[in-house]
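Reading through the structure tokens given below for one structure.
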Amino acid sequence: MLADLGIKTVADLLEYPPFRYEDRSQYHPIGSLMEGEWVLTRGDICATGGFSSRGRRFAVFEILLRDVSGSIRVKFFNQNYLRNIYREGRSLIVYGQVRRDTFARAGLCFMNPECEMVQDEEDTSVHSGRIVPVYRRLGDLRPRTLRQILHNIISNMPLECGESLPTYLRRQFRLLARAKALEQIHFPQVDSNSPVERAREMEKLNLGQSAAHKRLIFDELFELQVAIGFVREGRVKLFKDRAMEVGERERQAIKKILPFHPTAAQKRVLREIVEDLRSPHPMNRLLQGDVGSGKTIVAAQAAIVAVENGYQVAVMAPTEILAEQHFLYFRRLLQPLGYGIDLLKGGLTAKAKRETLDRIQSGETSIAIGTHALIQEGVIFHKLALNVIDEQHRFGVIQRNILKEKGDCPDILVMTATPIPRSLALTLYGDLDVSVLDQLPPGRKPIQTVWRKEKERETVYAEIEVEVARGHQVYVVYPLIEESEKSDLRAAAEMAHHLQAQVFPHLRIGLLHGRMKSSEKEEVMERFSSGELQILVSTTVIEVGVDVANATLMVIEHAERFGLAQLHQLRGRVGRGADQSKCILVGDVEASEEARRRLEIMCESNDGFRIAEVDLELRGPGEVIGTRQSGIPAFKYANLIRDRRALEIARIEAEKFLNLVKFRPDPEWRTIAASIREKWRHRFNLAAVG
């Protein structure tokens with residue numbers, strides 16, 4: 001059963017930590033029990049009984065447990081086999097919640113509690129009389145059975161087991177030995193009898209702050225950083241069979257297409273990318289920037305360098321609408337240079353697809369832009385040298401690897417518009433070099449963001465009217481396409497009709513959503529971009545890739561239903577010109593505390609990195625880890641929010657350790673390094689993809 005869940009060795013099981021702890025060390029006399037308490041008590045079975053319903057569909061087995069202070073009923077439902085185990089005269093330990101017995105006047109009882117027979121007064125119990133670990137269920141294995149198995153393992157474990165940290169680090173940070181930490185994680189001991197001290201120690205255990213937790217957290221983070229170090233070393237050993245030059249021709253081509261003077265951040269990032277392109281080793285770089293910081297223009301400049309050197313570029317986007325937006329943007333931007341640019345997507349006719357594939361294979365296409373269609377078997381590139389992957393977290397590592405194999409050690413540039421705090425970026429994208437665009441293009445003004453309640457809808461409509469009267473355009477975003485009986489959310493299709501017929505009959509309103517055909521979407525966006533449409537009612541398909549400088553107002557309906565990252569992405573569709581822009585969040589005043597905090601931080605800050613910090617605090621790191629390539633598993637002990645400081649220290653110490661292993665032949669260090677390399681080999685076999 002355990003093997004089916006990926007737990008095949010004792011070591012695997014030891015690394016399955018409890019998710020909480022219960023203090024079952026103090027026995028409470030039966031006479032002192034109070035309703036609602038979770039308590040541990042013990043007594044002798046002085047009577048048993050029970051009954052079954054007609055047809056034996058429902059059965060109750062009941063015992064009366066007594067000590068010198070009183071007695072209490074213990075009830076078990078549909079567990080008749082217990083009649084043969086719990087017999088009069090036996091002693092029993094019980095842990096559970098004390099409840100009011102509705103079938104006995106003013107009586108208390110336990111219902112289906114955890115019980116343990118007292119075999120020998122000298123025996124140390126596994127399930128009571130101590131701090132007890134509580135595990136999440138593994139398949140059909142009950143947590144109680146799992147606890148017993150782990151207790152047997154811990155009891156027979158040698159005092160010393162394979163160390164994953166060098167001795168100097170354990171001493172430097174005063175960390176427990178690994179064997180001791182594993183013992184304390186599963187069966188912690190609190191020696192103090194002081195209720196205050198015990199409560200303090202229990203809090204540390206449940207918050208992951210005990211000495212055992214600190215050791216295993218550092219273990220996990222240190223191992224990961226060492227493994228990432230191995231990946232980076234392996235990448236440096238790869239050589240690409242080409243050399244790109246950046247001379248006057250490339251510089252003039254770049255100057256010809258720039259629509260504005262680049263920011264200092266854009267110049268810095270482009271310089272880093274160019275150095276990678278000229279390097280003998282393939283580039284693996286993460287280009288991270290806030291909404292509107294100019295990531296795409298930087299990617300376009302990198303593409304120019306590759307094309308001017310005689311190579312092809314692939315740009316892969318996660319959705320058709322984003323691929324279409326990139327295609328239109330690249331085609332418009334690079335038109336003066338006369339490059340062959342093609343769009344490859346699933347909706348092409350057989351003839352159009354065949355012609356596009358022929359152009360890519362012959363080299364007539366310099367820049368191929370597309371969705372997953374780019375990685376299909378029939379796509380053959382002439383001389384692919386640069387892969388630009390947008391919104392990388394939406395692709396699986398296998399898909400990215402297929403695109404990588406379309407060329408000979410191509411350079412990889414990954415773009416993400418989801419800001420990630422630097423400490424997390426170093427972990428989530430630790431095998432990539434990180435470039436950050438931390439400046440907006442000149443002339444951009446911070447977007448004003450306000451939160452309006454449903455009762456203020458007329459005010460919102462008035463603000464839309466004023467903005468259109470100024471010659472500007474407006475987005476109105478809804479979570480759904482059509483009304484659903486299961487939801488009270490305003491739907492885009494119905495509301496577009498309502499706004500046109502009832503609210504703004506004199507204005508030109510368009511509708512955009514994901515179910516439309518590509519040609520329809522392109523037509524609507526073209527009409528909005530040209531100014532023909534004054535209001536665009538949309539679902540979240542405009543979250544990325546839409547760039548209309550004249551759009552200065554964004555209204556987001558049911559804003560409390562959106563996540564912070566999505567709200568920030570949507571807001572970034574305005575504020576792209578020199579005029580002051582505004583975002584109105586229409587949200588429920590009765591929203592949850594977490595939703596209220598999301599709307600408040602949106603009104604307080606335009607800084608995507610600050611918003612990302614709050615987002616992580618609100619929802620934890622699980623989802624962020626989930627966006628990472630499959631090489632890095634979720635942490636067992638570490639928490640990226642709580643343990644950020646430990647993460648930074650582990651990264652620094654891992655770098656030092658790898659240098660020591662290289663230049664000083666200490667047997668302990670080499671053994672630990674080899675162990676980590678072997679352990680992570682299968683997890684990181686594709687990590688160089690980025």
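Note on naming: chains are A, B, ... as they come in the structure tokens, residues start from 1 per chain, ligands start from 1 in the order shown.
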For Ser210 of chain A: contacts at 12 Å, only C-alpha atoms, fewer than 2 positions along chain excluded, given as a PyMOL selection string: chain A and resi 21+175-176+181-182+184-186+188-190+200-208+212-217+637
May I have all residues of segment 35-103 of chain A that DSSP, computed from the backbone, assigns to strand (DSSP E or B), given as a PyMOL selection string? chain A and resi 38-52+59-67+70-77+91-101
Can you write just those residues out, N, CA and C atoms, as a compact mmCIF listing (two decimals), in the first residue's frame?
# COMPACT_ATOMS: atom_id res chain seq x y z
N TRP A 38 -11.06 18.16 24.67
CA TRP A 38 -10.32 17.04 24.11
C TRP A 38 -9.37 16.58 25.20
N VAL A 39 -9.58 15.38 25.71
CA VAL A 39 -8.82 14.96 26.89
C VAL A 39 -8.35 13.52 26.77
N LEU A 40 -7.38 13.20 27.63
CA LEU A 40 -6.89 11.84 27.78
C LEU A 40 -7.31 11.37 29.17
N THR A 41 -7.93 10.21 29.21
CA THR A 41 -8.32 9.67 30.51
C THR A 41 -8.11 8.15 30.48
N ARG A 42 -8.26 7.52 31.64
CA ARG A 42 -8.11 6.07 31.70
C ARG A 42 -8.98 5.53 32.82
N GLY A 43 -9.35 4.25 32.70
CA GLY A 43 -10.19 3.63 33.72
C GLY A 43 -10.36 2.15 33.43
N ASP A 44 -11.19 1.52 34.27
CA ASP A 44 -11.49 0.10 34.10
C ASP A 44 -12.86 -0.07 33.48
N ILE A 45 -13.00 -1.08 32.60
CA ILE A 45 -14.30 -1.37 32.00
C ILE A 45 -15.13 -2.13 33.02
N CYS A 46 -16.23 -1.50 33.47
CA CYS A 46 -17.05 -2.17 34.49
C CYS A 46 -18.35 -2.73 33.92
N ALA A 47 -18.70 -2.38 32.66
CA ALA A 47 -19.91 -2.94 32.03
C ALA A 47 -19.82 -2.73 30.52
N THR A 48 -20.46 -3.62 29.76
CA THR A 48 -20.53 -3.48 28.30
C THR A 48 -21.95 -3.75 27.86
N GLY A 49 -22.33 -3.26 26.70
CA GLY A 49 -23.68 -3.49 26.20
C GLY A 49 -23.80 -2.93 24.81
N GLY A 50 -25.03 -2.84 24.30
CA GLY A 50 -25.23 -2.28 22.97
C GLY A 50 -26.51 -2.75 22.36
N PHE A 51 -26.79 -2.25 21.15
CA PHE A 51 -28.00 -2.66 20.44
C PHE A 51 -27.78 -2.48 18.95
N SER A 52 -28.64 -3.12 18.16
CA SER A 52 -28.61 -2.99 16.70
C SER A 52 -29.99 -2.61 16.22
N ALA A 59 -25.45 -0.26 14.36
CA ALA A 59 -25.18 -0.92 15.63
C ALA A 59 -24.38 0.00 16.54
N VAL A 60 -24.67 -0.07 17.82
CA VAL A 60 -23.94 0.70 18.83
C VAL A 60 -23.38 -0.27 19.86
N PHE A 61 -22.05 -0.18 20.08
CA PHE A 61 -21.43 -0.93 21.17
C PHE A 61 -21.01 0.09 22.21
N GLU A 62 -21.29 -0.22 23.48
CA GLU A 62 -21.11 0.77 24.54
C GLU A 62 -20.41 0.14 25.73
N ILE A 63 -19.48 0.88 26.32
CA ILE A 63 -18.85 0.41 27.56
C ILE A 63 -18.98 1.50 28.61
N LEU A 64 -18.93 1.08 29.85
CA LEU A 64 -18.93 2.03 30.97
C LEU A 64 -17.54 1.99 31.58
N LEU A 65 -16.86 3.15 31.54
CA LEU A 65 -15.48 3.25 32.03
C LEU A 65 -15.49 3.97 33.37
N ARG A 66 -14.76 3.40 34.36
CA ARG A 66 -14.81 3.98 35.71
C ARG A 66 -13.41 4.08 36.31
N ASP A 67 -13.18 5.20 37.02
CA ASP A 67 -12.00 5.30 37.89
C ASP A 67 -12.49 5.72 39.27
N GLY A 70 -15.17 8.73 39.18
CA GLY A 70 -16.46 8.70 38.52
C GLY A 70 -16.47 7.75 37.35
N SER A 71 -17.52 7.84 36.51
CA SER A 71 -17.65 6.95 35.35
C SER A 71 -18.17 7.73 34.15
N ILE A 72 -17.95 7.16 32.95
CA ILE A 72 -18.40 7.80 31.71
C ILE A 72 -18.67 6.71 30.68
N ARG A 73 -19.65 6.96 29.82
CA ARG A 73 -19.96 6.02 28.74
C ARG A 73 -19.03 6.27 27.55
N VAL A 74 -18.61 5.20 26.88
CA VAL A 74 -17.79 5.28 25.66
C VAL A 74 -18.54 4.51 24.58
N LYS A 75 -18.94 5.20 23.49
CA LYS A 75 -19.79 4.59 22.47
C LYS A 75 -19.03 4.43 21.15
N PHE A 76 -19.28 3.27 20.51
CA PHE A 76 -18.68 2.97 19.20
C PHE A 76 -19.80 2.60 18.23
N PHE A 77 -19.77 3.18 17.04
CA PHE A 77 -20.83 2.95 16.08
C PHE A 77 -20.35 2.02 14.98
N SER A 91 -8.36 -2.73 31.53
CA SER A 91 -8.08 -1.29 31.68
C SER A 91 -7.93 -0.67 30.30
N LEU A 92 -8.43 0.56 30.17
CA LEU A 92 -8.48 1.21 28.86
C LEU A 92 -8.04 2.67 28.97
N ILE A 93 -7.23 3.09 27.98
CA ILE A 93 -6.86 4.51 27.84
C ILE A 93 -7.69 5.09 26.71
N VAL A 94 -8.29 6.26 26.92
CA VAL A 94 -9.20 6.87 25.94
C VAL A 94 -8.76 8.31 25.66
N TYR A 95 -8.73 8.67 24.35
CA TYR A 95 -8.48 10.07 23.99
C TYR A 95 -9.57 10.50 23.00
N GLY A 96 -10.22 11.62 23.29
CA GLY A 96 -11.26 12.11 22.40
C GLY A 96 -11.94 13.33 22.98
N GLN A 97 -13.04 13.73 22.32
CA GLN A 97 -13.79 14.90 22.77
C GLN A 97 -14.95 14.47 23.64
N VAL A 98 -15.08 15.12 24.78
CA VAL A 98 -16.18 14.83 25.70
C VAL A 98 -17.45 15.47 25.15
N ARG A 99 -18.52 14.66 25.04
CA ARG A 99 -19.77 15.18 24.47
C ARG A 99 -20.94 14.93 25.41
N ARG A 100 -22.00 15.68 25.18
CA ARG A 100 -23.24 15.46 25.92
C ARG A 100 -23.92 14.23 25.34
N ASP A 101 -24.31 13.29 26.19
CA ASP A 101 -24.98 12.06 25.76
C ASP A 101 -26.47 12.33 25.66
Go through A:Val541, A:Ala549, A:Leu640, A:Ala674 and flag the residue nearest Phe218 of chain A, using only C-alpha atoms for the distances.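 For Phe218 of chain A, the nearest of the given residues is A:Leu640.
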What's the 12 Å shell around Arg597 of chain A, counting only C-alpha atoms, without same-chain residues fewer than 2 positions away, as a PyMOL selection string? chain A and resi 451+559-560+563-564+587+589+591-595+599-604+611+614-615+617-619
Pull C-alpha atoms from the residues just selected and write them as a PDB file, in the first residue's frame.
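So the final result, stored in again09.pdb, reads:
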ATOM      1  CA  TRP A 451     -12.641  50.048  -4.417  1.00  0.00           C
ATOM      2  CA  ALA A 559     -13.183  41.894  -7.880  1.00  0.00           C
ATOM      3  CA  GLU A 560     -13.362  39.986  -4.602  1.00  0.00           C
ATOM      4  CA  GLY A 563      -6.755  36.429  -6.957  1.00  0.00           C
ATOM      5  CA  LEU A 564      -4.199  39.177  -6.364  1.00  0.00           C
ATOM      6  CA  GLY A 587     -16.417  44.284  -4.926  1.00  0.00           C
ATOM      7  CA  VAL A 589     -18.710  44.791   0.958  1.00  0.00           C
ATOM      8  CA  ALA A 591     -16.313  39.879   1.242  1.00  0.00           C
ATOM      9  CA  SER A 592     -14.182  37.578   3.405  1.00  0.00           C
ATOM     10  CA  GLU A 593     -11.330  39.062   5.400  1.00  0.00           C
ATOM     11  CA  GLU A 594      -8.820  37.656   2.906  1.00  0.00           C
ATOM     12  CA  ALA A 595     -10.730  39.122  -0.059  1.00  0.00           C
ATOM     13  CA  LEU A 599      -8.703  44.665  -2.542  1.00  0.00           C
ATOM     14  CA  GLU A 600      -7.020  46.922   0.027  1.00  0.00           C
ATOM     15  CA  ILE A 601      -3.460  46.071  -1.092  1.00  0.00           C
ATOM     16  CA  MET A 602      -4.486  46.686  -4.726  1.00  0.00           C
ATOM     17  CA  CYS A 603      -5.606  50.186  -3.707  1.00  0.00           C
ATOM     18  CA  GLU A 604      -2.429  50.766  -1.686  1.00  0.00           C
ATOM     19  CA  ILE A 611       1.658  42.592  -4.174  1.00  0.00           C
ATOM     20  CA  VAL A 614       1.144  39.902   0.236  1.00  0.00           C
ATOM     21  CA  ASP A 615      -0.278  37.250  -2.088  1.00  0.00           C
ATOM     22  CA  GLU A 617       1.355  35.698   2.873  1.00  0.00           C
ATOM     23  CA  LEU A 618      -2.387  35.310   2.216  1.00  0.00           C
ATOM     24  CA  ARG A 619      -2.417  31.993   0.355  1.00  0.00           C
TER      25      ARG A 619
END
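Distances to Ile154 of chain A were evaluated for A:Cys109, A:Leu13, A:Glu220, A:Arg249 using only C-alpha atoms, and the minimum falls at A:Leu13.
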Would you work out the distance separating atom CA of Asp290 of chain A from atom CA of His568 of chain A, expressed in Å to one decimal?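 So the two atoms, atom CA of Asp290 of chain A and atom CA of His568 of chain A, lie 9.3 Å apart.
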Which residue of A:Ala638, A:Arg508, A:Gly310, A:Asp219 approaches Arg170 of chain A most closely, using only C-alpha atoms: A:Asp219
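One finds atom CA of Val68 of chain A at 25.2 Å from atom CA of Ser194 of chain A.
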Residues at most 9 Å from Thr263 of chain A, counting only C-alpha atoms, excluding those fewer than 4 positions away in the same chain, as a PyMOL selection string? chain A and resi 267-268+439-442
Pull N, CA and C atoms from the residues just selected and write them as a CSV table (one decimal), in the first residue's frame.
chain,number,residue,atom,x,y,z
A,267,LYS,N,18.1,48.5,-20.7
A,267,LYS,CA,19.5,48.5,-21.2
A,267,LYS,C,20.3,47.4,-20.5
A,268,ARG,N,20.2,47.4,-19.2
A,268,ARG,CA,20.9,46.5,-18.3
A,268,ARG,C,20.6,45.0,-18.7
A,439,GLN,N,11.9,48.9,-13.7
A,439,GLN,CA,11.5,50.3,-14.1
A,439,GLN,C,10.4,50.3,-15.1
A,440,LEU,N,9.5,51.2,-15.1
A,440,LEU,CA,8.5,51.4,-16.1
A,440,LEU,C,9.1,52.3,-17.2
A,441,PRO,N,8.6,52.2,-18.4
A,441,PRO,CA,9.0,53.1,-19.5
A,441,PRO,C,8.7,54.5,-19.1
A,442,PRO,N,9.5,55.5,-19.7
A,442,PRO,CA,9.3,56.9,-19.3
A,442,PRO,C,7.9,57.4,-19.7
